[in-house]
file upload38.pdb (PDB, C-alpha atoms)
ATOM      1  CA  MET A 848      43.447  30.874 -69.142
ATOM      2  CA  THR A 849      40.539  28.779 -67.870
ATOM      3  CA  VAL A 850      41.465  25.533 -66.134
ATOM      4  CA  PRO A 851      39.290  22.730 -67.555
ATOM      5  CA  GLU A 852      37.048  20.611 -65.406
ATOM      6  CA  PRO A 853      38.460  17.150 -64.526
ATOM      7  CA  LEU A 854      38.013  14.335 -66.993
ATOM      8  CA  THR A 855      35.617  11.730 -65.616
ATOM      9  CA  PRO A 856      34.205   8.431 -66.900
ATOM     10  CA  GLU A 857      30.878  10.216 -67.323
ATOM     11  CA  ASN A 858      32.131  13.091 -69.483
ATOM     12  CA  ILE A 859      34.676  11.553 -71.845
ATOM     13  CA  THR A 860      34.699   9.224 -74.824
ATOM     14  CA  VAL A 861      37.840   7.332 -75.825
ATOM     15  CA  VAL A 862      38.279   7.218 -79.602
ATOM     16  CA  MET A 863      40.654   4.659 -81.122
ATOM     17  CA  ILE A 864      41.549   5.110 -84.788
ATOM     18  CA  ASP A 865      43.183   2.625 -87.175
ATOM     19  CA  HIS A 866      45.305   0.528 -84.813
ATOM     20  CA  ALA A 867      45.679  -1.910 -87.697
ATOM     21  CA  VAL A 868      48.132  -4.786 -88.069
ATOM     22  CA  GLY A 869      49.216  -3.645 -91.530
ATOM     23  CA  PHE A 870      50.530  -0.407 -90.061
ATOM     24  CA  ALA A 871      52.236  -1.883 -87.009
ATOM     25  CA  ASN A 872      55.559  -2.825 -88.614
ATOM     26  CA  LEU A 873      55.820   0.620 -90.233
ATOM     27  CA  LEU A 874      55.842   2.481 -86.926
ATOM     28  CA  ARG A 875      59.171   3.969 -85.848
ATOM     29  CA  SER A 876      58.103   6.670 -83.397
ATOM     30  CA  HIS A 877      57.755   4.171 -80.550
ATOM     31  CA  ASP A 878      58.949   0.690 -79.739
ATOM     32  CA  LEU A 879      56.277  -1.663 -81.082
ATOM     33  CA  GLY A 880      55.879  -3.678 -77.889
ATOM     34  CA  THR A 881      55.495  -0.510 -75.835
ATOM     35  CA  HIS A 882      53.057   0.916 -78.361
ATOM     36  CA  ILE A 883      50.799  -2.148 -78.257
ATOM     37  CA  ASN A 884      50.985  -2.231 -74.453
ATOM     38  CA  ASN A 885      49.836   1.390 -74.327
ATOM     39  CA  VAL A 886      47.032   0.829 -76.835
ATOM     40  CA  VAL A 887      45.703  -2.109 -74.838
ATOM     41  CA  GLY A 888      46.130  -0.159 -71.592
ATOM     42  CA  LEU A 889      44.024   2.660 -73.027
ATOM     43  CA  ALA A 890      41.325   0.246 -74.221
ATOM     44  CA  LYS A 891      41.202  -1.433 -70.798
ATOM     45  CA  THR A 892      40.964   1.950 -69.130
ATOM     46  CA  ALA A 893      37.944   2.771 -71.275
ATOM     47  CA  THR A 894      36.214  -0.557 -70.657
ATOM     48  CA  LEU A 895      36.995  -0.812 -66.930
ATOM     49  CA  PHE A 896      36.054   2.777 -66.127
ATOM     50  CA  GLU A 897      33.063   2.583 -68.494
ATOM     51  CA  THR A 898      33.803   5.727 -70.434
ATOM     52  CA  GLY A 899      32.371   6.164 -73.880
ATOM     53  CA  LEU A 900      34.383   4.136 -76.414
ATOM     54  CA  VAL A 901      34.288   4.339 -80.214
ATOM     55  CA  VAL A 902      36.671   2.217 -82.292
ATOM     56  CA  THR A 903      37.228   2.672 -86.013
ATOM     57  CA  ASN A 904      39.425   1.207 -88.733
ATOM     58  CA  GLY A 905      39.752   1.175 -92.480
ATOM     59  CA  GLN A 906      38.344  -1.772 -94.352
ATOM     60  CA  SER A 907      39.886  -4.941 -92.959
ATOM     61  CA  ASP A 908      40.332  -6.531 -96.382
ATOM     62  CA  LYS A 909      42.636  -3.700 -97.471
ATOM     63  CA  PRO A 910      46.447  -3.795 -96.978
ATOM     64  CA  SER A 911      46.159  -2.095 -93.568
ATOM     65  CA  GLY A 912      44.216  -5.129 -92.366
ATOM     66  CA  PRO A 913      42.173  -5.650 -89.187
ATOM     67  CA  LEU A 914      42.849  -4.161 -85.773
ATOM     68  CA  TYR A 915      45.548  -5.502 -83.450
ATOM     69  CA  PRO A 916      44.334  -8.849 -82.055
ATOM     70  CA  GLU A 917      45.292  -7.679 -78.563
ATOM     71  CA  LEU A 918      42.944  -4.702 -78.934
ATOM     72  CA  LEU A 919      40.116  -6.816 -80.323
ATOM     73  CA  THR A 920      40.427  -9.142 -77.319
ATOM     74  CA  VAL A 921      39.788  -6.215 -74.961
ATOM     75  CA  ILE A 922      36.841  -4.663 -76.767
ATOM     76  CA  GLY A 923      35.179  -7.986 -77.644
ATOM     77  CA  ASP A 924      31.732  -7.801 -79.190
ATOM     78  CA  ASP A 925      30.579  -4.930 -76.974
ATOM     79  CA  PHE A 926      32.169  -2.259 -79.151
ATOM     80  CA  PRO A 927      31.734  -2.949 -82.876
ATOM     81  CA  VAL A 928      34.514  -1.652 -85.117
ATOM     82  CA  ILE A 929      33.251   1.053 -87.464
ATOM     83  CA  GLU A 930      34.953   0.487 -90.811
ATOM     84  CA  ARG A 931      35.521   3.599 -92.923
ATOM     85  CA  PRO A 932      35.857   3.217 -96.676
ATOM     86  CA  GLY A 933      38.311   6.074 -97.117
ATOM     87  CA  ALA A 934      37.960   9.188 -94.962
ATOM     88  CA  THR A 935      41.218  10.170 -93.246
ATOM     89  CA  ASN A 936      39.188  12.535 -91.073
ATOM     90  CA  ALA A 937      37.067   9.954 -89.288
ATOM     91  CA  PHE A 938      34.442  12.607 -88.546
ATOM     92  CA  ALA A 939      33.777  12.869 -92.274
ATOM     93  CA  ASP A 940      32.348   9.345 -92.044
ATOM     94  CA  ALA A 941      28.664   9.612 -91.108
ATOM     95  CA  ARG A 942      28.519   6.345 -89.157
ATOM     96  CA  PHE A 943      31.557   7.186 -87.080
ATOM     97  CA  ALA A 944      30.447  10.755 -86.391
ATOM     98  CA  ALA A 945      27.017   9.485 -85.313
ATOM     99  CA  ALA A 946      28.582   6.897 -82.976
ATOM    100  CA  VAL A 947      30.667   9.533 -81.219
ATOM    101  CA  GLU A 948      27.697  11.893 -80.946
ATOM    102  CA  ALA A 949      25.539   9.084 -79.565
ATOM    103  CA  THR A 950      27.795   8.777 -76.496
ATOM    104  CA  GLY A 951      26.476  12.175 -75.427
ATOM    105  CA  ARG A 952      29.933  13.374 -74.408
ATOM    106  CA  ARG A 953      31.700  16.454 -75.814
ATOM    107  CA  ARG A 954      35.130  15.572 -74.454
ATOM    108  CA  LEU A 955      37.243  13.094 -76.383
ATOM    109  CA  ALA A 956      40.489  11.204 -75.797
ATOM    110  CA  ILE A 957      41.827  10.263 -79.235
ATOM    111  CA  ALA A 958      44.601   7.808 -80.112
ATOM    112  CA  GLY A 959      45.517   6.021 -83.298
ATOM    113  CA  VAL A 960      47.727   5.485 -86.313
ATOM    114  CA  SER A 961      49.217   7.395 -87.899
ATOM    115  CA  THR A 962      49.834  10.557 -85.929
ATOM    116  CA  GLU A 963      50.369  12.758 -88.983
ATOM    117  CA  GLY A 964      47.610  11.068 -90.972
ATOM    118  CA  CYS A 965      44.210   9.935 -89.722
ATOM    119  CA  VAL A 966      44.828  11.010 -86.122
ATOM    120  CA  LEU A 967      45.763  14.562 -87.065
ATOM    121  CA  GLN A 968      42.909  14.923 -89.537
ATOM    122  CA  SER A 969      40.377  13.417 -87.111
ATOM    123  CA  VAL A 970      41.513  15.643 -84.248
ATOM    124  CA  LEU A 971      41.190  18.714 -86.457
ATOM    125  CA  GLY A 972      37.786  17.444 -87.578
ATOM    126  CA  ALA A 973      36.649  17.015 -83.978
ATOM    127  CA  LEU A 974      37.853  20.500 -83.023
ATOM    128  CA  ARG A 975      35.917  22.004 -85.939
ATOM    129  CA  LEU A 976      32.789  20.311 -84.581
ATOM    130  CA  GLY A 977      33.296  21.846 -81.155
ATOM    131  CA  TYR A 978      34.611  18.821 -79.272
ATOM    132  CA  GLU A 979      37.223  19.206 -76.549
ATOM    133  CA  VAL A 980      40.052  16.920 -77.611
ATOM    134  CA  ASN A 981      42.781  15.184 -75.629
ATOM    135  CA  VAL A 982      45.408  13.365 -77.701
ATOM    136  CA  ILE A 983      46.780  10.187 -76.114
ATOM    137  CA  VAL A 984      50.275  10.598 -77.514
ATOM    138  CA  ASP A 985      51.799   7.341 -76.250
ATOM    139  CA  ALA A 986      49.026   5.182 -77.759
ATOM    140  CA  THR A 987      49.500   6.959 -81.080
ATOM    141  CA  GLY A 988      52.238   6.123 -83.565
ATOM    142  CA  SER A 989      53.922   7.370 -86.696
ATOM    143  CA  LEU A 990      56.520   6.508 -89.329
ATOM    144  CA  THR A 991      59.194   8.557 -87.575
ATOM    145  CA  ARG A 992      59.618  10.306 -84.237
ATOM    146  CA  GLU A 993      59.910  13.613 -86.069
ATOM    147  CA  SER A 994      56.624  13.212 -87.929
ATOM    148  CA  HIS A 995      54.913  12.162 -84.674
ATOM    149  CA  ASP A 996      56.242  15.143 -82.733
ATOM    150  CA  ILE A 997      55.427  17.695 -85.438
ATOM    151  CA  ALA A 998      51.887  16.342 -85.821
ATOM    152  CA  VAL A 999      51.363  16.523 -82.048
ATOM    153  CA  GLN A1000      52.615  20.117 -82.090
ATOM    154  CA  ARG A1001      50.157  20.990 -84.830
ATOM    155  CA  MET A1002      47.262  19.437 -82.897
ATOM    156  CA  VAL A1003      48.263  21.293 -79.726
ATOM    157  CA  GLN A1004      48.470  24.588 -81.619
ATOM    158  CA  ALA A1005      44.981  23.908 -82.949
ATOM    159  CA  GLY A1006      43.635  23.482 -79.410
ATOM    160  CA  ALA A1007      44.047  19.802 -78.495
ATOM    161  CA  VAL A1008      45.585  18.772 -75.154
ATOM    162  CA  PRO A1009      48.347  16.137 -75.118
ATOM    163  CA  THR A1010      48.339  13.449 -72.441
ATOM    164  CA  THR A1011      49.214   9.772 -71.920
ATOM    165  CA  TRP A1012      46.992   6.770 -71.362
ATOM    166  CA  TYR A1013      48.088   6.173 -67.753
ATOM    167  CA  SER A1014      47.708   9.843 -66.913
ATOM    168  CA  LEU A1015      44.145   9.599 -68.230
ATOM    169  CA  ALA A1016      43.526   6.499 -66.096
ATOM    170  CA  GLY A1017      44.798   8.307 -63.019
ATOM    171  CA  GLU A1018      42.563  11.300 -63.667
ATOM    172  CA  LEU A1019      39.538   9.052 -64.128
ATOM    173  CA  GLU A1020      40.283   7.330 -60.829
ATOM    174  CA  TYR A1021      41.046  10.641 -59.083
ATOM    175  CA  ASP A1022      41.033   9.269 -55.514
ATOM    176  CA  HIS A1023      42.887   6.106 -54.447
ATOM    177  CA  THR A1024      40.308   5.493 -51.718
ATOM    178  CA  SER A1025      37.367   5.585 -54.124
ATOM    179  CA  ALA A1026      35.567   2.602 -55.627
ATOM    180  CA  ARG A1027      37.587   3.222 -58.790
ATOM    181  CA  GLY A1028      40.877   2.660 -56.988
ATOM    182  CA  PRO A1029      41.029  -1.074 -57.795
ATOM    183  CA  LEU A1030      40.489  -0.274 -61.498
ATOM    184  CA  LEU A1031      43.626   1.854 -61.620
ATOM    185  CA  GLN A1032      45.482  -0.828 -59.675
ATOM    186  CA  GLN A1033      44.463  -3.402 -62.278
ATOM    187  CA  VAL A1034      45.660  -1.452 -65.314
ATOM    188  CA  MET A1035      48.834  -0.540 -63.416
ATOM    189  CA  ARG A1036      49.606  -4.180 -62.632
ATOM    190  CA  GLU A1037      48.934  -5.278 -66.202
ATOM    191  CA  HIS A1038      50.401  -2.389 -68.197
ATOM    192  CA  GLN A1039      52.716  -0.317 -65.968
ATOM    193  CA  PRO A1040      55.135  -2.965 -64.668
ATOM    194  CA  MET A1041      57.627  -0.483 -63.191
ATOM    195  CA  MET A1042      54.923   1.165 -61.113
ATOM    196  CA  ALA A1043      53.533  -2.228 -60.125
ATOM    197  CA  LYS A1044      56.953  -3.496 -59.014
ATOM    198  CA  GLY A1045      57.422  -0.385 -56.911
ATOM    199  CA  VAL A1046      54.185  -1.113 -55.061
ATOM    200  CA  GLN A1047      55.156  -4.769 -54.634
ATOM    201  CA  ALA A1048      58.541  -3.774 -53.208
ATOM    202  CA  HIS A1049      56.842  -1.414 -50.745
ATOM    203  CA  VAL A1050      54.390  -4.082 -49.606
ATOM    204  CA  PHE A1051      57.220  -6.602 -49.228
ATOM    205  CA  SER A1052      59.359  -4.212 -47.172
ATOM    206  CA  LYS A1053      56.433  -3.537 -44.850
ATOM    207  CA  SER A1054      55.900  -7.254 -44.373
ATOM    208  CA  LEU A1055      59.559  -7.656 -43.370
ATOM    209  CA  GLY A1056      59.176  -4.918 -40.790
ATOM    210  CA  GLN A1057      56.187  -6.698 -39.258
ATOM    211  CA  ARG A1058      58.006  -9.991 -38.723
ATOM    212  CA  PRO A1059      58.880 -10.858 -35.101
TER     213      PRO A1059
END

call {"tool": "encode", "arguments": {"input": "upload38.pdb", "output": "structure tokens"}}
result
Amino acid sequence: MTVPEPLTPENITVVMIDHAVGFANLLRSHDLGTHINNVVGLAKTATLFETGLVVTNGQSDKPSGPLYPELLTVIGDDFPVIERPGATNAFADARFAAAVEATGRRRLAIAGVSTEGCVLQSVLGALRLGYEVNVIVDATGSLTRESHDIAVQRMVQAGAVPTTWYSLAGELEYDHTSARGPLLQQVMREHQPMMAKGVQAHVFSKSLGQRP
């Protein structure tokens, strides 16, 4: 088995699919607050590390509605939302497929809603086109935990690699002493509170040891 090359900001595009408000209250695979935190953490990782980023949704005037406001705040006007009229496989939409291709990267990190629906079909679509796909499982949600897990299994069996948003951020940073170190620290402080508190406790304990 060949070990893949590291993921870097220069070789990966983050793809975010259908994180729409109309779906949010239907999700049962993850706690909603945790899910939104992870989605925003992934979006910030993409924008801070300057990876490729392509965001898509269904039509905002349909029952699924627009994207999460928290996500829209992160992406701003720099990353226009590509609205698809109906394709569950986002790569069947010409505008979306062209936007991903235009990033020039063949490695993707895909997250979205729902796991067994548009995410699964889009991951399979990307694999058929020869992309290397990483599925960000904790920024992806489904109607039940079972349907989420089975869909992830199917994607893995098809050739996708499962990972989490913070694991991706850590791989993009790679070296704590690098110029990217502060970027990981920022997303950790804002979206990994347990990790952040651990660092704060360490810094505080060191300060106590330095007191006369």

call {"tool": "resolve_selection", "arguments": {"input": "upload38.pdb", "expression": "the PyMOL selection byres ((chain A and resi 874-876) around 10)", "output": "PyMOL selection string"}}
result
chain A and resi 870-873+877-879+882+960-962+985+987-996

call {"tool": "resolve_selection", "arguments": {"input": "upload38.pdb", "expression": "the PyMOL selection byres ((chain A and resi 1034) around 10)", "output": "list in words"}}
result
Val887, Gly888, Leu889, Lys891, Thr892, Leu895, Tyr1013, Ala1016, Pro1029, Leu1030, Leu1031, Gln1032, Gln1033, Met1035, Arg1036, Glu1037, His1038, Gln1039, Pro1040 and Ala1043 of chain A

call {"tool": "closest_residue", "arguments": {"input": "upload38.pdb", "among": "A:Ala937, A:Ala867, A:Met1041, A:Leu1015", "to": "Ser911 (chain A)", "atoms": "all atoms listed in the file"}}
result
A:Ala867

call {"tool": "atom_distance", "arguments": {"input": "upload38.pdb", "atom1": "CA of Leu974 (chain A)", "atom2": "CA of Ala956 (chain A)"}}
result
12.1 Å

call {"tool": "closest_residue", "arguments": {"input": "upload38.pdb", "among": "A:Arg1027, A:Arg975, A:Arg1001, A:Arg942", "to": "Val928 (chain A)", "atoms": "only C-alpha atoms"}}
result
A:Arg942

call {"tool": "closest_residue", "arguments": {"input": "upload38.pdb", "among": "A:Ile997, A:Leu918, A:Leu900, A:Ile957", "to": "Glu979 (chain A)", "atoms": "only C-alpha atoms"}}
result
A:Ile957

call {"tool": "closest_residue", "arguments": {"input": "upload38.pdb", "among": "A:Ala1007, A:Gly964, A:Val999, A:Trp1012", "to": "Tyr978 (chain A)", "atoms": "all atoms listed in the file"}}
result
A:Ala1007

call {"tool": "closest_residue", "arguments": {"input": "upload38.pdb", "among": "A:Thr860, A:Thr855, A:Gln1000, A:Asn981", "to": "Val902 (chain A)", "atoms": "all atoms listed in the file"}}
result
A:Thr860

call {"tool": "atom_distance", "arguments": {"input": "upload38.pdb", "atom1": "CA of Arg954 (chain A)", "atom2": "CA of Gly933 (chain A)"}}
result
24.8 Å

call {"tool": "residues_around", "arguments": {"input": "upload38.pdb", "residues": "Ala958 (chain A)", "least_positions_apart": "5", "cutoff": "10 Å", "atoms": "all atoms listed in the file", "output": "ChimeraX atom specification"}}
result
/A:861-866,886,889,902,965-967,969-970,981-988,1011-1012

call {"tool": "atom_distance", "arguments": {"input": "upload38.pdb", "atom1": "CA of Ala893 (chain A)", "atom2": "CA of Thr1024 (chain A)"}}
result
19.9 Å

call {"tool": "residues_around", "arguments": {"input": "upload38.pdb", "residues": "Ala934 (chain A)", "least_positions_apart": "2", "cutoff": "10 Å", "atoms": "all atoms listed in the file", "output": "mmCIF file with C-alpha atoms, in the frame of the given file"}}
result
data_model
loop_
_atom_site.group_PDB
_atom_site.id
_atom_site.type_symbol
_atom_site.label_atom_id
_atom_site.label_comp_id
_atom_site.auth_asym_id
_atom_site.auth_seq_id
_atom_site.Cartn_x
_atom_site.Cartn_y
_atom_site.Cartn_z
ATOM 1 C CA GLY A 905 39.752 1.175 -92.480
ATOM 2 C CA ARG A 931 35.521 3.599 -92.923
ATOM 3 C CA PRO A 932 35.857 3.217 -96.676
ATOM 4 C CA ASN A 936 39.188 12.535 -91.073
ATOM 5 C CA ALA A 937 37.067 9.954 -89.288
ATOM 6 C CA PHE A 938 34.442 12.607 -88.546
ATOM 7 C CA ALA A 939 33.777 12.869 -92.274
ATOM 8 C CA ASP A 940 32.348 9.345 -92.044
ATOM 9 C CA CYS A 965 44.210 9.935 -89.722
ATOM 10 C CA GLN A 968 42.909 14.923 -89.537
ATOM 11 C CA SER A 969 40.377 13.417 -87.111
#

call {"tool": "residues_near_point", "arguments": {"input": "upload38.pdb", "point": "(40.3, -4.7, -72.6)", "cutoff": "6 Å", "atoms": "all atoms listed in the file", "output": "list in words"}}
result
Ala890, Lys891, Val921 and Ile922 of chain A

call {"tool": "closest_residue", "arguments": {"input": "upload38.pdb", "among": "A:Val980, A:Leu955, A:Val901, A:Ala949", "to": "Glu930 (chain A)", "atoms": "only C-alpha atoms"}}
result
A:Val901

call {"tool": "residues_around", "arguments": {"input": "upload38.pdb", "residues": "Glu1018 (chain A)", "least_positions_apart": "4", "cutoff": "8 Å", "atoms": "all atoms listed in the file", "output": "list in words"}}
result
Pro853, Leu854, Thr855 and Ser1014 of chain A

call {"tool": "decode", "arguments": {"input": "upload38.pdb", "residues": "region 977-1012 of chain A", "atoms": "N, CA and C atoms", "output": "compact mmCIF listing (two decimals), in the first residue's frame"}}
result
# COMPACT_ATOMS: atom_id res chain seq x y z
N GLY A 977 -11.43 10.87 -10.94
CA GLY A 977 -10.00 10.73 -10.66
C GLY A 977 -9.47 11.60 -9.54
N TYR A 978 -10.34 12.25 -8.78
CA TYR A 978 -9.87 13.04 -7.64
C TYR A 978 -9.51 12.12 -6.48
N GLU A 979 -8.57 12.55 -5.67
CA GLU A 979 -8.29 11.91 -4.39
C GLU A 979 -9.16 12.60 -3.35
N VAL A 980 -9.96 11.82 -2.65
CA VAL A 980 -10.99 12.41 -1.79
C VAL A 980 -10.76 12.05 -0.32
N ASN A 981 -10.79 13.09 0.51
CA ASN A 981 -10.82 12.95 1.96
C ASN A 981 -12.19 13.42 2.44
N VAL A 982 -12.86 12.62 3.25
CA VAL A 982 -14.18 12.98 3.77
C VAL A 982 -14.03 13.51 5.18
N ILE A 983 -14.47 14.74 5.40
CA ILE A 983 -14.37 15.35 6.74
C ILE A 983 -15.61 14.92 7.52
N VAL A 984 -15.50 13.81 8.24
CA VAL A 984 -16.68 13.14 8.78
C VAL A 984 -17.36 13.93 9.89
N ASP A 985 -16.61 14.74 10.64
CA ASP A 985 -17.24 15.46 11.75
C ASP A 985 -17.79 16.83 11.35
N ALA A 986 -17.64 17.20 10.08
CA ALA A 986 -18.32 18.40 9.56
C ALA A 986 -19.38 17.98 8.55
N THR A 987 -19.77 16.71 8.65
CA THR A 987 -20.76 16.11 7.77
C THR A 987 -21.84 15.51 8.65
N GLY A 988 -23.11 15.64 8.26
CA GLY A 988 -24.18 15.17 9.12
C GLY A 988 -25.27 14.44 8.38
N SER A 989 -26.04 13.66 9.17
CA SER A 989 -27.06 12.81 8.59
C SER A 989 -28.28 12.74 9.50
N LEU A 990 -29.32 12.06 9.01
CA LEU A 990 -30.57 11.93 9.77
C LEU A 990 -30.41 11.05 10.99
N THR A 991 -29.54 10.05 10.90
CA THR A 991 -29.27 9.17 12.03
C THR A 991 -27.78 8.85 12.07
N ARG A 992 -27.32 8.37 13.23
CA ARG A 992 -25.91 7.97 13.32
C ARG A 992 -25.65 6.76 12.43
N GLU A 993 -26.64 5.86 12.36
CA GLU A 993 -26.47 4.67 11.53
C GLU A 993 -26.30 5.04 10.06
N SER A 994 -27.16 5.91 9.56
CA SER A 994 -27.07 6.27 8.14
C SER A 994 -25.77 7.01 7.85
N HIS A 995 -25.29 7.81 8.80
CA HIS A 995 -24.00 8.49 8.65
C HIS A 995 -22.87 7.47 8.56
N ASP A 996 -22.85 6.54 9.52
CA ASP A 996 -21.75 5.58 9.58
C ASP A 996 -21.72 4.67 8.35
N ILE A 997 -22.89 4.21 7.92
CA ILE A 997 -22.94 3.32 6.75
C ILE A 997 -22.50 4.06 5.50
N ALA A 998 -22.91 5.32 5.36
CA ALA A 998 -22.49 6.09 4.18
C ALA A 998 -20.98 6.32 4.19
N VAL A 999 -20.41 6.60 5.37
CA VAL A 999 -18.96 6.77 5.45
C VAL A 999 -18.27 5.47 5.07
N GLN A 1000 -18.78 4.34 5.55
CA GLN A 1000 -18.20 3.05 5.18
C GLN A 1000 -18.22 2.84 3.67
N ARG A 1001 -19.33 3.18 3.05
CA ARG A 1001 -19.42 3.01 1.60
C ARG A 1001 -18.40 3.89 0.88
N MET A 1002 -18.24 5.14 1.33
CA MET A 1002 -17.26 6.02 0.70
C MET A 1002 -15.83 5.50 0.89
N VAL A 1003 -15.54 4.98 2.08
CA VAL A 1003 -14.21 4.43 2.34
C VAL A 1003 -13.96 3.22 1.45
N GLN A 1004 -14.95 2.34 1.33
CA GLN A 1004 -14.79 1.17 0.46
C GLN A 1004 -14.59 1.57 -0.99
N ALA A 1005 -15.12 2.72 -1.37
CA ALA A 1005 -14.96 3.19 -2.75
C ALA A 1005 -13.61 3.85 -2.97
N GLY A 1006 -12.89 4.17 -1.88
CA GLY A 1006 -11.55 4.74 -2.03
C GLY A 1006 -11.33 6.08 -1.36
N ALA A 1007 -12.35 6.63 -0.69
CA ALA A 1007 -12.17 7.89 0.02
C ALA A 1007 -11.49 7.64 1.37
N VAL A 1008 -10.87 8.68 1.91
CA VAL A 1008 -10.16 8.59 3.19
C VAL A 1008 -10.91 9.42 4.23
N PRO A 1009 -11.31 8.82 5.36
CA PRO A 1009 -12.00 9.60 6.38
C PRO A 1009 -11.02 10.36 7.26
N THR A 1010 -11.40 11.57 7.63
CA THR A 1010 -10.60 12.35 8.57
C THR A 1010 -11.51 13.36 9.26
N THR A 1011 -10.95 14.19 10.12
CA THR A 1011 -11.72 15.22 10.82
C THR A 1011 -11.15 16.59 10.48
N TRP A 1012 -11.92 17.62 10.76
CA TRP A 1012 -11.49 18.96 10.34
C TRP A 1012 -10.22 19.40 11.08
